[in-house]
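Participant: Have a look at this one.
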Amino acid sequence: MARIAVIGAGMGAMAAAARLAVAGHRVVVYERTETYGGALRRVEWDGFSFDTGPGLLPLPAVYRDLFVKTGREPLEACVELVQVDPSSHHVFADGTRLSLPNASRAGVVSALEETLGTPAARRWGDFLVRAREAWDRSRRPLLEEPLWPNWQVLAEREPYPAVPHKRLLRTRTAGTLAEVGAWELRDPRLTALLEGHALGHGLDPRATPASAAVLPYMEHAFGTWYVRGGMRELARAVYERCLARRVEFRFGTEAAGVLEKDGRAAGLELADGTVAEADLVVAGVPPEVLDRIGRGTRPRGDGEVPAPRGAASRVTVLMALRGGRPPGTPHRTVVHAEDREAELESLFGPSGALPARPTVTVLRPDDPAVVPDDAHEAVTVTAVLPVGAGGTPDAHAEKLVAVAERAVPGLRGRLLRHEVRTPADVAGETGAEGGAVPVPALAAAGGRLLQPSNSTRLPGLYTVGGWSHPGGGLPHAGMSGALVAGLIVEGPEFRGSQ
């Protein structure tokens, strides 16, 4: 039995802790804040409850597997999972509205045919076939296996199938998500539908590799889910599973350094000056934090995976409304920007600012647990915000509310109270510089969208969570926990679950 010190109580760190405890190790988690969950936090006032991090769960199979492998109670015995249907409702720049069913390629194509016409539906259906091929080619190395030593193969290889196009008398294939939209989808509404998946992660579709086609494919193929009571309930369930497996948590305890002895990780130096000895250390912290406490142990430099980065942060407005949620209201509505070029230039240009009318996601859960009664509604509106962007919280809120009114008629007249969550709040909860949010690992693009290996230069020190392989997002965090546990339990020969 090894003594394992885990830095941070985020979702990836807790997933690793539970698996390692089941394998017979003594696991102690050191968390600098006073609670667990990382970005999965909750704000409550006046009988209203709001998620402050991810509001929906893709790929619930990742957490089902965690609960199966760590105890007798399945995930569904610990939280109530609700399949969101429609998966999303879209309001496009020209006013077109489209609802997409959950986890049904045929249903999606049918909905597109009814709203956008047969040619557009056929093009999206053909795109999903190619996206599935990209998924099949990249799934294991990007999500289910430790990062390959020859990761450069993933950096150079574009898994999205080549579809030749005539451009300026030359035959070319799409190398970016924007080119897929312009050359293969050829409808600004389909392009917005595609690019919205990149924008949601703070990625510029003009520079994001075509391999990002796996993002809409995953949603269409595996569905989107909500946890009754809010996504914070998922964090609670994982935390309680850790406690049931005798994982110890020490909140309000910050790691100041990773101890080294005989060339191996040997525990932690804590901020209060005490020492926590350990045989192994698992760090679920952002890269700049590990750089500070790990003394250069994270993989960097020539021939190694480029330094991980968050493309952007988030600004979120939590709103308590008078009046109940109208029957048939979609859980999630995406209101797309009215001027795509202006939005991209504002977000990713030199100024790095929130656009005047950005793409926003509006979440309106049908959940009595998040409102005081059925005469009120809890609404969350979120947009991407570049790290370091200027502007006041009130100015950001005004922009988001103005756009959200396209999805929630009479919004301002119903507003009782609101709270703005900025990148500073994200930074306070996660420790990420500027409130940056890590992106999922993607192939191609020279490896700049790969996250570093879960192993480090220092034997006995591993990294877990969104800032290491396989990257950001709730499913990816759970996968990283499984990979780290496998590397520790089975050793460097571990090659992922079969």
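Chains: A, B, ... in order of the structure tokens. Residues: from 1 per chain. Ligands: from 1, in order shown.
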For A:Ala155, work out the shell of residues within 10 Å, counting only C-alpha atoms and skipping chain neighbours fewer than 4 positions away, then give it as a list in words.
Facilitator: Asn150, Trp151, Val305, Leu442, Ala443, Ala444, Ala445, Gly446, Gly447, Arg448, Leu449 and Leu450 of chain A
Participant: Report as a ChimeraX atom specification all protein, DNA and RNA residues lying within 12 Å of A:Arg105, evaluated on only C-alpha atoms, omitting residues in the same chain fewer than 3 positions from it.
Facilitator: /A:87,100-102,108-112,121-122,124-129,131-132,216-223
Participant: What does the distance from atom CA of A:Tyr226 to atom CA of A:Pro58 come to in Å, to one decimal?
Facilitator: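 So the two atoms, atom CA of A:Tyr226 and atom CA of A:Pro58, lie 8.9 Å apart.
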Participant: Determine, for each residue of stretch 406-438 of chain A having at least one atom at most 12 Å from an atom of stretch 6-29 of chain A, the closest pair of atoms and their separation in Å to one decimal, counting only C-alpha atoms; order by chain and ascending number, as JSON lines.
Facilitator:
{"residue": "A:Glu429", "atom": "CA", "partner": "A:Gly10", "partner_atom": "CA", "distance": 9.7}
{"residue": "A:Thr430", "atom": "CA", "partner": "A:Gly10", "partner_atom": "CA", "distance": 8.0}
{"residue": "A:Gly431", "atom": "CA", "partner": "A:Gly8", "partner_atom": "CA", "distance": 9.7}
Participant: Any chance you could export the current selection's C-alpha atoms as a compact mmCIF listing (two decimals), in the first residue's frame?
Facilitator:
# COMPACT_ATOMS: atom_id res chain seq x y z
CA GLU A 429 -12.16 28.55 -7.61
CA THR A 430 -9.71 26.72 -9.86
CA GLY A 431 -6.40 28.53 -9.38
Participant: I'd like to know which of A:His376, A:His197, A:Arg325, A:Arg241 is closest to A:Ser49, using only C-alpha atoms.
Facilitator: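 That would be A:His376, the residue with the smallest distance to A:Ser49.
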Participant: Write out as an mmCIF file with N, CA and C atoms, in the first residue's frame which residues come within 8 Å of stretch 198-200 of chain A when counting only C-alpha atoms, dropping same-chain ones fewer than 6 positions away.
Facilitator:
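And here's out-v7.cif as it stands now:
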data_model
loop_
_atom_site.group_PDB
_atom_site.id
_atom_site.type_symbol
_atom_site.label_atom_id
_atom_site.label_comp_id
_atom_site.auth_asym_id
_atom_site.auth_seq_id
_atom_site.Cartn_x
_atom_site.Cartn_y
_atom_site.Cartn_z
ATOM 1 N N THR A 208 -8.641 26.500 -35.509
ATOM 2 C CA THR A 208 -8.878 25.202 -34.885
ATOM 3 C C THR A 208 -8.858 24.108 -35.939
ATOM 4 N N ALA A 212 -11.534 18.983 -34.804
ATOM 5 C CA ALA A 212 -12.534 19.412 -33.830
ATOM 6 C C ALA A 212 -13.944 19.010 -34.247
ATOM 7 N N LEU A 215 -16.168 17.150 -31.796
ATOM 8 C CA LEU A 215 -16.952 17.770 -30.719
ATOM 9 C C LEU A 215 -18.449 17.703 -30.998
ATOM 10 N N ALA A 383 -21.073 33.375 -21.860
ATOM 11 C CA ALA A 383 -20.353 33.660 -23.101
ATOM 12 C C ALA A 383 -18.865 33.516 -22.856
ATOM 13 N N VAL A 384 -18.136 33.279 -23.924
ATOM 14 C CA VAL A 384 -16.676 33.208 -23.860
ATOM 15 C C VAL A 384 -16.119 34.616 -23.672
#
Participant: Would you mind listing what lies within 6 Å of stretch 416-422 of chain A as a count of residues only, with only C-alpha atoms counted and same-chain residues fewer than 4 positions away left out?
Facilitator: 7
Participant: Of the candidates A:Val275, A:Leu347, A:Val334, A:Ala2, which one gets nearest to A:Leu363 if we count only C-alpha atoms?
Facilitator: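 Going through A:Val275, A:Leu347, A:Val334, A:Ala2 one by one, the smallest distance to A:Leu363 is for A:Val334.
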Participant: In stretch 132-302 of chain A, what's alpha helix (DSSP H) per DSSP? Answer as a VMD selection string?
Facilitator: chain A and resid 132 to 139 152 to 156 177 to 180 188 to 199 214 to 222 232 to 244 287 to 294
Participant: At most 10 Å is the cut-off: for each residue in stretch 396-459 of chain A with any atom that close to an atom of stretch 280-293 of chain A, write down the nearest atom pair and the distance in Å rounded to one decimal, counting only C-alpha atoms, chain first then increasing number, as JSON lines.
Facilitator:
{"residue": "A:Thr430", "atom": "CA", "partner": "A:Val285", "partner_atom": "CA", "distance": 7.8}
{"residue": "A:Gly431", "atom": "CA", "partner": "A:Pro286", "partner_atom": "CA", "distance": 6.7}
{"residue": "A:Ala432", "atom": "CA", "partner": "A:Pro286", "partner_atom": "CA", "distance": 5.4}
{"residue": "A:Glu433", "atom": "CA", "partner": "A:Glu288", "partner_atom": "CA", "distance": 7.3}
{"residue": "A:Ala436", "atom": "CA", "partner": "A:Pro286", "partner_atom": "CA", "distance": 9.2}
{"residue": "A:Val437", "atom": "CA", "partner": "A:Pro286", "partner_atom": "CA", "distance": 9.6}
{"residue": "A:Pro438", "atom": "CA", "partner": "A:Pro286", "partner_atom": "CA", "distance": 8.9}
{"residue": "A:Pro452", "atom": "CA", "partner": "A:Pro287", "partner_atom": "CA", "distance": 9.8}
{"residue": "A:Asn454", "atom": "CA", "partner": "A:Val282", "partner_atom": "CA", "distance": 9.1}
{"residue": "A:Ser455", "atom": "CA", "partner": "A:Val282", "partner_atom": "CA", "distance": 9.5}
{"residue": "A:Pro459", "atom": "CA", "partner": "A:Leu280", "partner_atom": "CA", "distance": 8.5}
Participant: Would you mind listing what lies within 8 Å of A:Val62 as a PyMOL selection string, with only C-alpha atoms counted and same-chain residues fewer than 5 positions away left out?
Facilitator: chain A and resi 475+478-479
Participant: Could you save those same residues with C-alpha atoms as a PDB file, in the first residue's frame?
Facilitator:
ATOM      1  CA  PRO A 475     -15.687  13.708 -19.323  1.00  0.00           C
ATOM      2  CA  GLY A 478     -12.876  11.703 -15.413  1.00  0.00           C
ATOM      3  CA  MET A 479     -10.783  10.024 -18.094  1.00  0.00           C
TER       4      MET A 479
END
Participant: To one decimal in Å, tell me the separation between atom CA of A:Pro326 and atom CA of A:Gly47.
Facilitator: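 If I compute the distance from atom CA of A:Pro326 to atom CA of A:Gly47, I get 19.2 Å.
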Participant: Here is a test: counting only C-alpha atoms, which residue of A:Val360, A:Ala235, A:Val371, A:Ala207 is nearest to A:Phe92?
Facilitator: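 Closest candidate: A:Val360.
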Participant: A:Ala266: which residues within 9 Å, counting only C-alpha atoms, same-chain residues fewer than 3 positions away excluded, as a list in words?
Facilitator: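 Residues near the query, excluding close chain neighbours: Val258, Leu259, Glu260, Lys261, Asp262, Gly263, Ala276, Glu277, Ala278, Asp279, Leu280, Val281, Gly460 and Leu461 of chain A.
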Participant: Print the selection's residues with N, CA and C atoms to a file, as a PDB file, in the first residue's frame.
Facilitator:
ATOM      1  N   VAL A 258       6.550  20.390  -3.971  1.00  0.00           N
ATOM      2  CA  VAL A 258       6.647  18.939  -4.065  1.00  0.00           C
ATOM      3  C   VAL A 258       8.013  18.532  -3.542  1.00  0.00           C
ATOM      4  N   LEU A 259       8.026  17.671  -2.549  1.00  0.00           N
ATOM      5  CA  LEU A 259       9.289  17.214  -1.987  1.00  0.00           C
ATOM      6  C   LEU A 259       9.926  16.173  -2.898  1.00  0.00           C
ATOM      7  N   GLU A 260      11.235  16.173  -2.924  1.00  0.00           N
ATOM      8  CA  GLU A 260      11.987  15.208  -3.740  1.00  0.00           C
ATOM      9  C   GLU A 260      13.022  14.528  -2.879  1.00  0.00           C
ATOM     10  N   LYS A 261      13.132  13.217  -3.008  1.00  0.00           N
ATOM     11  CA  LYS A 261      14.136  12.447  -2.272  1.00  0.00           C
ATOM     12  C   LYS A 261      14.631  11.316  -3.167  1.00  0.00           C
ATOM     13  N   ASP A 262      15.920  11.208  -3.301  1.00  0.00           N
ATOM     14  CA  ASP A 262      16.531  10.161  -4.123  1.00  0.00           C
ATOM     15  C   ASP A 262      15.972  10.179  -5.551  1.00  0.00           C
ATOM     16  N   GLY A 263      15.727  11.384  -6.068  1.00  0.00           N
ATOM     17  CA  GLY A 263      15.268  11.519  -7.444  1.00  0.00           C
ATOM     18  C   GLY A 263      13.814  11.184  -7.674  1.00  0.00           C
ATOM     19  N   ALA A 276       4.059  16.800   4.447  1.00  0.00           N
ATOM     20  CA  ALA A 276       3.232  15.605   4.313  1.00  0.00           C
ATOM     21  C   ALA A 276       4.000  14.601   3.470  1.00  0.00           C
ATOM     22  N   GLU A 277       4.547  13.601   4.126  1.00  0.00           N
ATOM     23  CA  GLU A 277       5.327  12.606   3.409  1.00  0.00           C
ATOM     24  C   GLU A 277       4.411  11.698   2.599  1.00  0.00           C
ATOM     25  N   ALA A 278       4.884  11.266   1.428  1.00  0.00           N
ATOM     26  CA  ALA A 278       4.103  10.383   0.566  1.00  0.00           C
ATOM     27  C   ALA A 278       5.046   9.626  -0.345  1.00  0.00           C
ATOM     28  N   ASP A 279       4.553   8.497  -0.841  1.00  0.00           N
ATOM     29  CA  ASP A 279       5.330   7.718  -1.796  1.00  0.00           C
ATOM     30  C   ASP A 279       5.110   8.195  -3.225  1.00  0.00           C
ATOM     31  N   LEU A 280       3.926   8.766  -3.467  1.00  0.00           N
ATOM     32  CA  LEU A 280       3.552   9.258  -4.796  1.00  0.00           C
ATOM     33  C   LEU A 280       2.755  10.539  -4.627  1.00  0.00           C
ATOM     34  N   VAL A 281       2.822  11.415  -5.639  1.00  0.00           N
ATOM     35  CA  VAL A 281       2.072  12.671  -5.628  1.00  0.00           C
ATOM     36  C   VAL A 281       1.299  12.783  -6.935  1.00  0.00           C
ATOM     37  N   GLY A 460       7.302   9.382  -9.840  1.00  0.00           N
ATOM     38  CA  GLY A 460       6.422   9.425  -8.688  1.00  0.00           C
ATOM     39  C   GLY A 460       5.511  10.626  -8.643  1.00  0.00           C
ATOM     40  N   LEU A 461       5.650  11.561  -9.595  1.00  0.00           N
ATOM     41  CA  LEU A 461       4.769  12.718  -9.683  1.00  0.00           C
ATOM     42  C   LEU A 461       3.937  12.618 -10.955  1.00  0.00           C
TER      43      LEU A 461
END
Participant: Which residue gives the smallest distance to A:Leu458 among A:Ala265, A:Thr173, A:Val163, A:Gly107, with only C-alpha atoms counted?
Facilitator: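 Using only C-alpha atoms, the shortest distance to A:Leu458 belongs to A:Ala265.
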Participant: Out of A:Pro372, A:Gly55, A:Pro470, A:Gly175, which residue has the shortest atom-to-atom distance to A:Trp225 when counting only C-alpha atoms?
Facilitator: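 Checking each candidate against A:Trp225, we get A:Gly55 as the closest.
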Participant: Considering only strand (DSSP E) as DSSP defines it on the backbone, what residues of stretch 204-402 of chain A qualify? List them as a PyMOL selection string.
Facilitator: chain A and resi 224-227+248-251+255-261+264-270+275-277+280-283+310-322+332-335+360-363+376-385
Participant: So, counting only C-alpha atoms, which residue among A:Ser453, A:Ser99, A:Thr382, A:Thr253 is closest to A:Thr33?
Facilitator: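 The shortest atom-to-atom distance to A:Thr33 comes from A:Thr253.
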